[in-house]
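For reference, the structure is listed below as structure tokens.
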There are 4 protein chains.
Amino acid sequence: MAKVAVLGATGYTGLELIRILYVHPEAEVVFVSSRTHAGERLASVFPELTGLFDVEVHDTDPRAVPRDVDLAFVCLPHKAAMDVVPALLQKGLKVVDLSADFRFRDRAVYEEWYQPHSAPDLLGEAVYGLPEIHREKIASARLVANPGCYPTSVILGLAPLVKKGLINTSTIIASAASGATGAGRGVAQALHFCEVNESFRAYKVAEHRHTPEMEQELSSLAGHGVKITFIPHLAPMLRGIFATIYADLTDNMETRDLETLYEEFYREDRFLRVLKQPALPDTVHSRGTNLVTLGVRVDKRTGRVVVLSTIDNLNRGAAGQAVANMNLMLGMDETRGLDVLPWRP
Amino acid sequence: MAKVAVLGATGYTGLELIRILYVHPEAEVVFVSSRTHAGERLASVFPELTGLFDVEVHDTDPRAVPRDVDLAFVCLPHKAAMDVVPALLQKGLKVVDLSADFRFRDRAVYEEWYQPHSAPDLLGEAVYGLPEIHREKIASARLVANPGCYPTSVILGLAPLVKKGLINTSTIIASAASGATGAGRGVAQALHFCEVNESFRAYKVAEHRHTPEMEQELSSLAGHGVKITFIPHLAPMLRGIFATIYADLTDNMETRDLETLYEEFYREDRFLRVLKQPALPDTVHSRGTNLVTLGVRVDKRTGRVVVLSTIDNLNRGAAGQAVANMNLMLGMDETRGLDVLPWRP
Amino acid sequence: MAKVAVLGATGYTGLELIRILYVHPEAEVVFVSSRTHAGERLASVFPELTGLFDVEVHDTDPRAVPRDVDLAFVCLPHKAAMDVVPALLQKGLKVVDLSADFRFRDRAVYEEWYQPHSAPDLLGEAVYGLPEIHREKIASARLVANPGCYPTSVILGLAPLVKKGLINTSTIIASAASGATGAGRGVAQALHFCEVNESFRAYKVAEHRHTPEMEQELSSLAGHGVKITFIPHLAPMLRGIFATIYADLTDNMETRDLETLYEEFYREDRFLRVLKQPALPDTVHSRGTNLVTLGVRVDKRTGRVVVLSTIDNLNRGAAGQAVANMNLMLGMDETRGLDVLPWRP
Amino acid sequence: MAKVAVLGATGYTGLELIRILYVHPEAEVVFVSSRTHAGERLASVFPELTGLFDVEVHDTDPRAVPRDVDLAFVCLPHKAAMDVVPALLQKGLKVVDLSADFRFRDRAVYEEWYQPHSAPDLLGEAVYGLPEIHREKIASARLVANPGCYPTSVILGLAPLVKKGLINTSTIIASAASGATGAGRGVAQALHFCEVNESFRAYKVAEHRHTPEMEQELSSLAGHGVKITFIPHLAPMLRGIFATIYADLTDNMETRDLETLYEEFYREDRFLRVLKQPALPDTVHSRGTNLVTLGVRVDKRTGRVVVLSTIDNLNRGAAGQAVANMNLMLGMDETRGLDVLPWRP
């Protein structure tokens with residue numbers, strides 16, 4: 001039984017981690033922390049945990065993490081994450097960091113989109129935690145940078161096309177909608193129920209920080225630099241990302257051929273499913289799980305391909321993928337604790 | 001590993017059963033049926049099952065159920081249920097019936113609220129499947145009648161008060177709101193998204209068929225006949241029942257005393273939680289689980305008690321409770337496969 | 001053309017007032033204020049007003065209100081309201097105050113549930129602005145206290161029964177659900193989209209401040225003191241109050257008789273509608289309007305009456321009723337600017 | 001006072017027309033029809049109309065329309081519309097047809113995407129009812145084809161760029177999300193509340209019938225043939241279309257320049273608003289109105305422009321635009337009855 005810590009346990013991602021790990025047969029959460037709720041009981045923050053998982057909330061201090069912990073999940077905002085990760089590693093723990101702090105191989109890119117980096121020497125070591133792309137490296141990593149939610153959906157949606165050179169990579173456009181949990185638990189006028197319900201809006205138009213993350217991985221898959229247009233939207237729902245991705249095909253292809261290509265590309269990947277015509281992905285097909293549900297269509301009239309990629313932003317887009325990474329890092333089966341059916345309805 | 005059948009697998013309750021049993025460590029679904037989708041693949045009805053649980057859908061015919069099945073869940077409408085249950089029993093299966101057909105000990109009550117009963121001889125044998133009230137009888141039953149969703153929340157909300165004689169039972173009023181999954185998957189104008197969203201309404205005012213079911217159990221607990229007023233409402237959400245129950249206290253009592261009383265009453269019941277002041281139940285505290293989350297308050301100004309009882313209507317109100325009953329009937333631990341944390345957010 | 005001011009224009013109630021008055025044929029908004037947005041343009045707070053009603057936001061200072069304003073709507077929190085109302089009156093304006101500060105005839109009741117009153121001499125003069133009950137007094141009032149949203153629905157739902165002596169007033173229970181706009185525009189963890197959506201909960205159980213307001217008016221209608229149990233709930237929607245009200249009938253009555261009684265009681269009231277069997281009220285029947293939609297049912301089995309009363313909490317429960325009061329106070333037809341059809345869907 | 005008829009009054013578009021016209025100062029609805037509810041009272045279909053607009057529902061037969069009606073709104077499905085429009089015109093009425101039957105100048109395009117046309121001789125006469133583009137022709141038309149909801153948002157979003165030749169028209173991609181009212185009031189499994197709520201999905205990927213409608217108008221604005229990729233999505237809300245439109249700029253431009261260009265292009269159009277940086281459109285900015293709220297951004301990194309165009313699909317996308325067309329056809333001010341503020345919240 002692996003012992004794990006969750007630093008930053010009172011946000012939605014931390015809570016989702018606790019929910020997933022509660023039923024994990026080979027790992028248990030032995031330490032939770034929060035900067036704002038230290039000293040409280042976790043069930044006083046989340047009353048639904050009463051009688052089930054009601055532990056003390058510790059301060060978010062690497063020194064407070066017990067020595068026998070095997071792995072720590074860091075669910076802190078960027079900047080705060082890079083302040084604690086080095087100390088956790090030094091203590092001998094493995095780390096899955098859910099912030100953006102260790103996602104970029106190129107320090108300059110991180111610093112252009114975020115801020116100065118205080119632990120740049122770890123950037124070379126950290127592995128980008130997308131198992132379908134970096135499974136082997138993850139398995140031997142000490143530090144895994146868990147991908148952003150949008151990048152997870154977009155990179156996996158495009159990987160077969162980019163890797164096989166079937167699209168003109170200068171024409172990629174990703175238009176995605178997310179449920180409001182993607183914005184986190186912090187209060188804000190724009191996240192008040194009465195501002196989100198019955199509303200649909202774009203935000204951070206062509207300036208979202210997940211853009212360079214997608215470009216890093218797509219460039220790596222393509223073997224040359226790729227720049228894309230990415231526009232996120234907020235949909236009036238709790239969970240789910242729906243990415244609709246557009247690109248020009250380099251050759252004339254049929255939808256059926258692409259469906260087969262996708263199936264083969266992801267044959268070994270148990271969380272990836274390709275829905276075939278006439279079925280189309282819906283965010284509910286992935287809800288509450290680590291699954292990625294894909295669809296692909298050729299728009300014959302314009303010579304474009306349209307890829308539809310859906311995930312649960314809190315699960316596959318954060319906590320579920322983090323657990324899959326933990327499984328790999330600790331030598332367990334990748335699907336351990338994650339092989340569940342979607343929540344529907 | 002117990003083998004189970006789900007008859008009526010293409011409604012929301014059947015799907016929830018399949019979802020719960022998919023991770024049950026001691027039971028597996030080996031047969032699913034549907035009257036409307038016989039011959040199809042289950043994943044063509046529910047695409048989210050693609051690659052996970054994609055089995056053939058059989059006709060709803062007791063003869064088609066394999067001989068080695070241990071227990072059948074019957075998720076058919078009332079009337080259709082009593083047409084198949086006798087044959088299943090005769091075949092040697094244990095049965096958890098999720099319809100109303102075997103919930104009443106008094107045939108006359110059933111026939112007054114429903115229709116003529118075609119298997120009345122089984123009414124005496126069937127056990128009302130509310131484990132907190134009838135655990136021992138369930139464990140030795142061949143046929144368990146799974147309670148209605150509203151009765152589950154109301155009976156468990158009132159049981160301590162009624163059993164202890166602390167309220168005037170002629171003053172009981174239960175006002176409850178349910179998410180729309182409670183109405184089932186069948187299409188209807190009143191269940192169109194545009195008729196439910198941003199709408200709140202009462203329905204079947206003082207004439208809902210769950211009323212006599214509550215009265216049967218409350219009368220049994222009280223030791224005398226009890227009649228109540230019950231008004232259900234439809235809330236614009238997927239899952240959850242919130243029952244607000246009112247009654248006159250026979251004596252002056254404090255909220256704190258009642259909280260203690262409830263905790264003691266349900267001390268052995270691992271799915272029951274009493275939230276204490278200042279916490280109050282919310283449907284999300286039970287969402288996706290078999291949990292019942294209770295709160296209790298004394299209105300000192302009027303001498304009334306107000307009980308707040310929340311469940312997930314599809315889970316505790318149907319499939320989860322059915323699995324708990326299966327666990328008891330097959331000699332497993334009651335919480336097997338059900339010990340999970342609520343879905344939040 | 002009457003000139004009106006809206007003090008506290010950047011909350012939901014202020015915005016709803018502006019929306020209603022924008023099409024009012026005999027009144028125009030000439031002054032808006034806000035304590036937090038003074039000095040900004042209103043369209044920078046509410047971008048949807050761009051090009052339509054984009055005025056400067058003034059400080060909430062009675063001295064800043066132009067002298068030729070006929071009437072001011074005060075949309076400030078209680079306490080803040082009683083700090084400005086006396087000065088507005090002194091300046092010669094008529095005032096509709098939407099806070100609780102002038103709703104109580106008995107200062108002691110206000111001070112028990114709220115705080116010390118700083119303008120108690122106005123309590124005798126202020127008229128409780130429920131037109132169906134106090135139409136004539138409103139017409140000649142200088143200061144009208146606009147009723148709370150829940151009291152509007154509950155008092156109008158019960159008035160015919162209480163006035164006619166048809167119920168035992170010691171048995172009244174009001175169980176009501178409100179959309180989240182009722183909680184206002186201020187940010188709070190409990191109002192985050194992800195905490196409200198897919199959630200149903202009770203709050204301020206048996207201690208909501210609207211309780212004494214209902215009791216004041218019901219006592220007045222009954223001719224004797226009335227105490228009730230009132231439990232509010234939060235439903236995952238924007239607008240709407242659904243009040244389900246229970247009481248014991250003093251005599252045996254039929255639903256049909258009560259429907260007729262209600263129709264007659266409200267014959268002159270153009271915003272009141274009684275839906276007759278088998279129709280039942282839904283919050284959408286009143287959405288976006290000043291309408292009150294009622295239903296009534298006798299529960300013959302228990303001798304109780306159940307009244308269903310629905311309003312739009314922002315409109316009839318606040319801004320719409322305030323405009324109706326303005327209409328009466330300025331000698332206009334009560335329905336001026338308010339005779340619109342509900343928003344559905 | 002103009003007299004108008006609404007054929008097909010029991011769908012959401014018909015109801016929205018009745019709601020808008022109820023407050024129109026120069027038009028009144030004197031005849032409503034429905035194929036499925038003929039002979040009933042309109043308030044038995046829509047109880048919220050009780051006491052407000054409760055008229056008899058007639059059969060949908062052109063002969064039943066009174067002779068003194070000036071204009072008929074035809075809210076029937078395509079095919080059914082072209083069966084009644086010729087008779088209405090022959091009777092001397094003006095017609096605003098809300099179906100697709102008269103939107104195409106080229107019969108072959110209609111027949112490729114829809115079906116054989118039974119009144120092709122009217123295609124040359126019918127005017128495409130987008131006032132910002134065809135205002136003068138509408139004013140003198142006998143038959144106006146009201147645009148589809150998606151085309152309204154996309155064509156107006158692109159018109160300035162296409163007309164001025166600022167984009168490469170072969171790179172246009174429109175990704176749009178709509179609320180569920182866009183799918184109409186008819187029941188369907190896919191529109192059940194429990195299938196739409198908490199779900200986001202694409203549908204009719206690259207094969208939606210609104211595509212050729214957009215292409216017809218964009219080609220006309222461009223002066224050459226234009227083909228686009230259009231992908232619609234269903235969002236879990238009632239009203240609103242949010243179109244995110246992508247295209248390659250032919251020259252290097254700044255967001256500020258485009259904002260100015262859009263403002264100038266639509267200077268005379270009172271229902272068009274351009275939100276400038278940092279504000280971005282949200283569907284709520286147009287909700288319940290005939291307004292179009294636009295935003296525009298240059299993605300400097302890729303040389304693309306992103307246009308954000310929002311409307312209320314039932315109002316501007318159907319009934320509101322139909323009333324604007326009526327206003328023009330009957331010589332009234334275009335904004336008559338439509339100059340209202342958005343519904344928010």
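Ligands are numbered from 1 in the order shown, residues from 1 within each chain, and chains are lettered A, B, ... in the order they appear in the structure tokens.
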
Could you give me, as a list in words, the residues within 12 Å of Gly51 (chain A), counting only C-alpha atoms and dropping anything in the same chain fewer than 5 positions from it?
Arg41, Leu42, Ala43, Ser44 and Phe46 of chain A; Glu263, Arg267, Asp269, Arg270, Phe271, Leu272, Arg273, Val274, Leu275, His285, Leu291, Val292, Thr293, Asp339, Val340 and Leu341 of chain B

Using only C-alpha atoms, select each residue of chain A with any atom at most 7 Å away from an atom of chain C, and give the selection as a CSV table (one decimal) with N, CA, C and O atoms, in the first residue's frame.
```csv
chain,number,residue,atom,x,y,z
A,180,ALA,N,-17.3,24.9,-15.4
A,180,ALA,CA,-16.8,25.9,-14.5
A,180,ALA,C,-15.9,25.4,-13.5
A,180,ALA,O,-15.1,26.2,-12.9
A,181,THR,N,-15.8,24.1,-13.2
A,181,THR,CA,-14.8,23.6,-12.3
A,181,THR,C,-13.4,23.9,-12.8
A,181,THR,O,-12.5,23.9,-12.0
A,187,VAL,N,-13.6,32.2,-5.2
A,187,VAL,CA,-14.7,33.0,-5.5
A,187,VAL,C,-14.3,34.1,-6.4
A,187,VAL,O,-13.2,34.6,-6.3
A,188,ALA,N,-15.2,34.5,-7.3
A,188,ALA,CA,-15.0,35.6,-8.2
A,188,ALA,C,-16.3,36.0,-8.8
A,188,ALA,O,-17.2,35.1,-9.0
A,189,GLN,N,-16.5,37.3,-9.1
A,189,GLN,CA,-17.8,37.7,-9.7
A,189,GLN,C,-18.1,36.9,-10.9
A,189,GLN,O,-19.3,36.5,-11.1
A,191,LEU,N,-17.6,34.0,-11.6
A,191,LEU,CA,-18.0,32.6,-11.4
A,191,LEU,C,-19.2,32.5,-10.5
A,191,LEU,O,-19.6,31.3,-10.1
A,192,HIS,N,-19.8,33.6,-10.1
A,192,HIS,CA,-21.1,33.5,-9.3
A,192,HIS,C,-22.1,32.7,-10.2
A,192,HIS,O,-22.1,32.8,-11.4
A,193,PHE,N,-22.9,31.9,-9.5
A,193,PHE,CA,-23.8,31.1,-10.2
A,193,PHE,C,-24.6,31.9,-11.2
A,193,PHE,O,-24.9,31.5,-12.3
A,194,CYS,N,-25.1,33.1,-10.8
A,194,CYS,CA,-26.0,33.9,-11.6
A,194,CYS,C,-25.2,34.6,-12.8
A,194,CYS,O,-25.9,35.2,-13.7
A,196,VAL,N,-22.8,32.6,-14.5
A,196,VAL,CA,-22.4,31.5,-15.3
A,196,VAL,C,-23.6,30.8,-15.9
A,196,VAL,O,-23.6,30.4,-17.1
A,238,LEU,N,-20.8,21.8,-14.8
A,238,LEU,CA,-19.7,21.6,-13.8
A,238,LEU,C,-18.4,21.1,-14.4
A,238,LEU,O,-17.4,21.6,-14.2
```

D:Met332, D:Ala5, D:Glu213, D:Thr13 ranked by distance to Pro345 (chain C), top pick (using only C-alpha atoms):
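The answer is D:Thr13, which sits nearest to Pro345 (chain C).
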
When you look at Thr211 (chain A) with a cut-off of 8 Å (counting only C-alpha atoms), what residues show up, excluding the ones that are within fewer than 2 positions of it in the same chain? I need them as a PyMOL selection string.
chain A and resi 151+207-209+213-215+228-230

Saved selection, atoms kept: N, CA, C and O atoms, as an mmCIF file, in the first residue's frame:
```
data_model
loop_
_atom_site.group_PDB
_atom_site.id
_atom_site.type_symbol
_atom_site.label_atom_id
_atom_site.label_comp_id
_atom_site.auth_asym_id
_atom_site.auth_seq_id
_atom_site.Cartn_x
_atom_site.Cartn_y
_atom_site.Cartn_z
ATOM 1 N N PRO A 151 -4.754 21.251 -22.758
ATOM 2 C CA PRO A 151 -3.720 20.555 -23.524
ATOM 3 C C PRO A 151 -3.949 19.045 -23.599
ATOM 4 O O PRO A 151 -3.720 18.430 -24.649
ATOM 5 N N GLU A 207 -4.989 34.177 -25.917
ATOM 6 C CA GLU A 207 -3.919 34.492 -24.970
ATOM 7 C C GLU A 207 -3.937 33.568 -23.751
ATOM 8 O O GLU A 207 -3.396 33.915 -22.706
ATOM 9 N N HIS A 208 -4.552 32.413 -23.882
ATOM 10 C CA HIS A 208 -4.608 31.482 -22.751
ATOM 11 C C HIS A 208 -3.251 30.787 -22.591
ATOM 12 O O HIS A 208 -2.643 30.351 -23.555
ATOM 13 N N ARG A 209 -2.824 30.630 -21.347
ATOM 14 C CA ARG A 209 -1.510 30.057 -21.058
ATOM 15 C C ARG A 209 -1.361 28.581 -21.393
ATOM 16 O O ARG A 209 -0.266 28.031 -21.295
ATOM 17 N N GLU A 213 1.776 25.248 -24.070
ATOM 18 C CA GLU A 213 1.897 23.850 -23.637
ATOM 19 C C GLU A 213 1.488 22.914 -24.769
ATOM 20 O O GLU A 213 2.143 21.899 -25.020
ATOM 21 N N MET A 214 0.403 23.278 -25.440
ATOM 22 C CA MET A 214 -0.005 22.474 -26.604
ATOM 23 C C MET A 214 1.081 22.539 -27.676
ATOM 24 O O MET A 214 1.421 21.533 -28.293
ATOM 25 N N GLU A 215 1.591 23.725 -27.902
ATOM 26 C CA GLU A 215 2.577 23.902 -28.978
ATOM 27 C C GLU A 215 3.863 23.122 -28.706
ATOM 28 O O GLU A 215 4.468 22.564 -29.617
ATOM 29 N N ILE A 228 -0.431 27.416 -32.944
ATOM 30 C CA ILE A 228 -1.864 27.199 -33.157
ATOM 31 C C ILE A 228 -2.670 28.369 -32.598
ATOM 32 O O ILE A 228 -2.153 29.173 -31.820
ATOM 33 N N THR A 229 -3.911 28.439 -33.033
ATOM 34 C CA THR A 229 -4.855 29.372 -32.408
ATOM 35 C C THR A 229 -5.715 28.556 -31.460
ATOM 36 O O THR A 229 -6.280 27.533 -31.852
ATOM 37 N N PHE A 230 -5.787 29.011 -30.208
ATOM 38 C CA PHE A 230 -6.587 28.291 -29.213
ATOM 39 C C PHE A 230 -7.522 29.275 -28.512
ATOM 40 O O PHE A 230 -7.084 30.287 -27.974
#
```

Please give the complete set of residues from region 200-316 of chain D that DSSP, run on the backbone, assigns to strand (DSSP E or B), formatted as a short mmCIF file (atom, residue, chain, number, x, y, z; two decimals) with N, CA and C atoms, in the first residue's frame.
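Final file, selection_11.cif:
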```cif
data_model
loop_
_atom_site.label_atom_id
_atom_site.label_comp_id
_atom_site.auth_asym_id
_atom_site.auth_seq_id
_atom_site.Cartn_x
_atom_site.Cartn_y
_atom_site.Cartn_z
N ARG D 201 -21.91 18.92 -26.54
CA ARG D 201 -21.66 18.02 -27.67
C ARG D 201 -21.73 18.77 -28.99
N ALA D 202 -21.04 18.25 -29.98
CA ALA D 202 -21.21 18.72 -31.36
C ALA D 202 -22.30 17.89 -32.01
N THR D 229 -16.28 25.98 -43.23
CA THR D 229 -16.55 24.86 -42.33
C THR D 229 -17.37 25.39 -41.17
N PHE D 230 -18.50 24.73 -40.91
CA PHE D 230 -19.37 25.18 -39.82
C PHE D 230 -19.71 23.99 -38.92
N ILE D 231 -19.42 24.13 -37.63
CA ILE D 231 -19.71 23.06 -36.67
C ILE D 231 -20.57 23.60 -35.54
N PRO D 232 -21.79 23.12 -35.42
CA PRO D 232 -22.66 23.54 -34.32
C PRO D 232 -22.51 22.62 -33.10
N HIS D 233 -22.73 23.19 -31.94
CA HIS D 233 -22.67 22.44 -30.68
C HIS D 233 -23.92 22.76 -29.85
N LEU D 234 -24.28 21.82 -28.98
CA LEU D 234 -25.40 22.05 -28.08
C LEU D 234 -24.86 22.31 -26.67
N ILE D 241 -26.87 31.93 -28.82
CA ILE D 241 -25.88 31.37 -29.74
C ILE D 241 -24.60 32.13 -29.53
N PHE D 242 -23.52 31.40 -29.43
CA PHE D 242 -22.20 32.01 -29.37
C PHE D 242 -21.41 31.45 -30.54
N ALA D 243 -21.13 32.29 -31.52
CA ALA D 243 -20.35 31.85 -32.68
C ALA D 243 -18.94 32.39 -32.56
N THR D 244 -17.98 31.49 -32.65
CA THR D 244 -16.57 31.87 -32.65
C THR D 244 -16.06 31.59 -34.05
N ILE D 245 -15.66 32.65 -34.73
CA ILE D 245 -15.37 32.56 -36.15
C ILE D 245 -13.90 32.88 -36.39
N TYR D 246 -13.27 32.03 -37.17
CA TYR D 246 -11.84 32.12 -37.42
C TYR D 246 -11.57 32.36 -38.90
N ALA D 247 -10.57 33.19 -39.21
CA ALA D 247 -10.14 33.35 -40.60
C ALA D 247 -8.74 33.95 -40.62
N ASP D 248 -8.03 33.69 -41.69
CA ASP D 248 -6.70 34.29 -41.85
C ASP D 248 -6.85 35.71 -42.38
N LEU D 249 -6.18 36.64 -41.75
CA LEU D 249 -6.18 38.02 -42.23
C LEU D 249 -5.28 38.11 -43.46
N LEU D 272 -26.97 46.31 -33.41
CA LEU D 272 -25.60 45.77 -33.40
C LEU D 272 -24.74 46.54 -32.41
N ARG D 273 -24.01 45.83 -31.58
CA ARG D 273 -23.07 46.49 -30.67
C ARG D 273 -21.72 45.78 -30.77
N VAL D 274 -20.68 46.53 -30.73
CA VAL D 274 -19.34 45.96 -30.71
C VAL D 274 -18.74 46.23 -29.34
N ASP D 282 -20.84 37.83 -24.29
CA ASP D 282 -21.38 36.70 -23.53
C ASP D 282 -22.82 36.55 -24.06
N VAL D 292 -27.47 41.99 -31.43
CA VAL D 292 -26.30 41.20 -31.79
C VAL D 292 -25.12 41.85 -31.07
N THR D 293 -24.40 41.07 -30.27
CA THR D 293 -23.26 41.62 -29.54
C THR D 293 -22.00 40.96 -30.10
N LEU D 294 -21.10 41.81 -30.58
CA LEU D 294 -19.90 41.33 -31.27
C LEU D 294 -18.62 41.70 -30.53
N GLY D 295 -17.61 40.88 -30.74
CA GLY D 295 -16.25 41.21 -30.30
C GLY D 295 -15.30 40.73 -31.39
N VAL D 296 -14.14 41.32 -31.45
CA VAL D 296 -13.19 40.92 -32.48
C VAL D 296 -11.78 40.98 -31.89
N ARG D 297 -10.95 40.01 -32.23
CA ARG D 297 -9.58 39.98 -31.72
C ARG D 297 -8.64 39.48 -32.81
N VAL D 298 -7.48 40.08 -32.86
CA VAL D 298 -6.44 39.57 -33.75
C VAL D 298 -5.54 38.65 -32.94
N ASP D 299 -5.29 37.45 -33.47
CA ASP D 299 -4.31 36.54 -32.87
C ASP D 299 -2.99 36.81 -33.60
N ARG D 304 -4.32 35.33 -37.52
CA ARG D 304 -5.76 35.10 -37.69
C ARG D 304 -6.57 36.16 -36.98
N VAL D 305 -7.81 36.31 -37.44
CA VAL D 305 -8.78 37.12 -36.72
C VAL D 305 -9.79 36.16 -36.10
N VAL D 306 -10.24 36.51 -34.91
CA VAL D 306 -11.27 35.73 -34.23
C VAL D 306 -12.44 36.66 -33.95
N VAL D 307 -13.61 36.32 -34.49
CA VAL D 307 -14.79 37.13 -34.27
C VAL D 307 -15.73 36.37 -33.34
N LEU D 308 -16.26 37.08 -32.34
CA LEU D 308 -17.18 36.48 -31.39
C LEU D 308 -18.53 37.14 -31.60
N SER D 309 -19.54 36.36 -31.93
CA SER D 309 -20.84 36.92 -32.28
C SER D 309 -21.93 36.22 -31.49
N THR D 310 -22.69 37.00 -30.72
CA THR D 310 -23.72 36.38 -29.86
C THR D 310 -25.10 36.95 -30.13
N ILE D 311 -26.05 36.06 -30.15
CA ILE D 311 -27.45 36.46 -30.28
C ILE D 311 -28.30 35.56 -29.38
#
```

What lies within 12 Å of region 58-64 of chain D using only C-alpha atoms, ignoring chain neighbours under 6 positions off, as a PyMOL selection string?
chain D and resi 5-10+30-42+71-76+80-93+95

Any idea what's packed within 6 Å of Arg103 (chain A), counting only C-alpha atoms, ignoring anything in its chain fewer than 2 positions away? Could you give it as a VMD selection string?
chain A and resid 100 to 101 128 145

Mind writing the picked residues with N, CA and C atoms as an mmCIF file, in the first residue's frame?
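Listing of again-v2.cif after writing:
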```
data_model
loop_
_atom_site.group_PDB
_atom_site.id
_atom_site.type_symbol
_atom_site.label_atom_id
_atom_site.label_comp_id
_atom_site.auth_asym_id
_atom_site.auth_seq_id
_atom_site.Cartn_x
_atom_site.Cartn_y
_atom_site.Cartn_z
ATOM 1 N N ALA A 100 1.506 24.465 -13.536
ATOM 2 C CA ALA A 100 2.215 24.620 -14.819
ATOM 3 C C ALA A 100 3.721 24.721 -14.630
ATOM 4 N N ASP A 101 4.170 24.732 -13.379
ATOM 5 C CA ASP A 101 5.567 25.117 -13.124
ATOM 6 C C ASP A 101 6.630 24.231 -13.772
ATOM 7 N N TYR A 128 6.699 15.457 -18.839
ATOM 8 C CA TYR A 128 5.334 15.917 -19.116
ATOM 9 C C TYR A 128 4.397 14.710 -19.029
ATOM 10 N N ALA A 145 5.211 16.491 -14.388
ATOM 11 C CA ALA A 145 4.390 17.697 -14.514
ATOM 12 C C ALA A 145 3.074 17.282 -15.149
#
```

As an exercise, work out the distance from CA of Leu17 (chain A) to CA of Ala319 (chain A) in Å and give it to one decimal place.
5.0 Å

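The interatomic distance for the pair CA of Ile18 (chain C) and CA of Asp312 (chain D) works out to 20.3 Å.
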
May I have the residues within 12 Å of Glu111 (chain C) as an NGL selection string, using only C-alpha atoms and disregarding those fewer than 3 positions away in the same chain?
:C and (78-79 or 100-108 or 114-120 or 209 or 212)
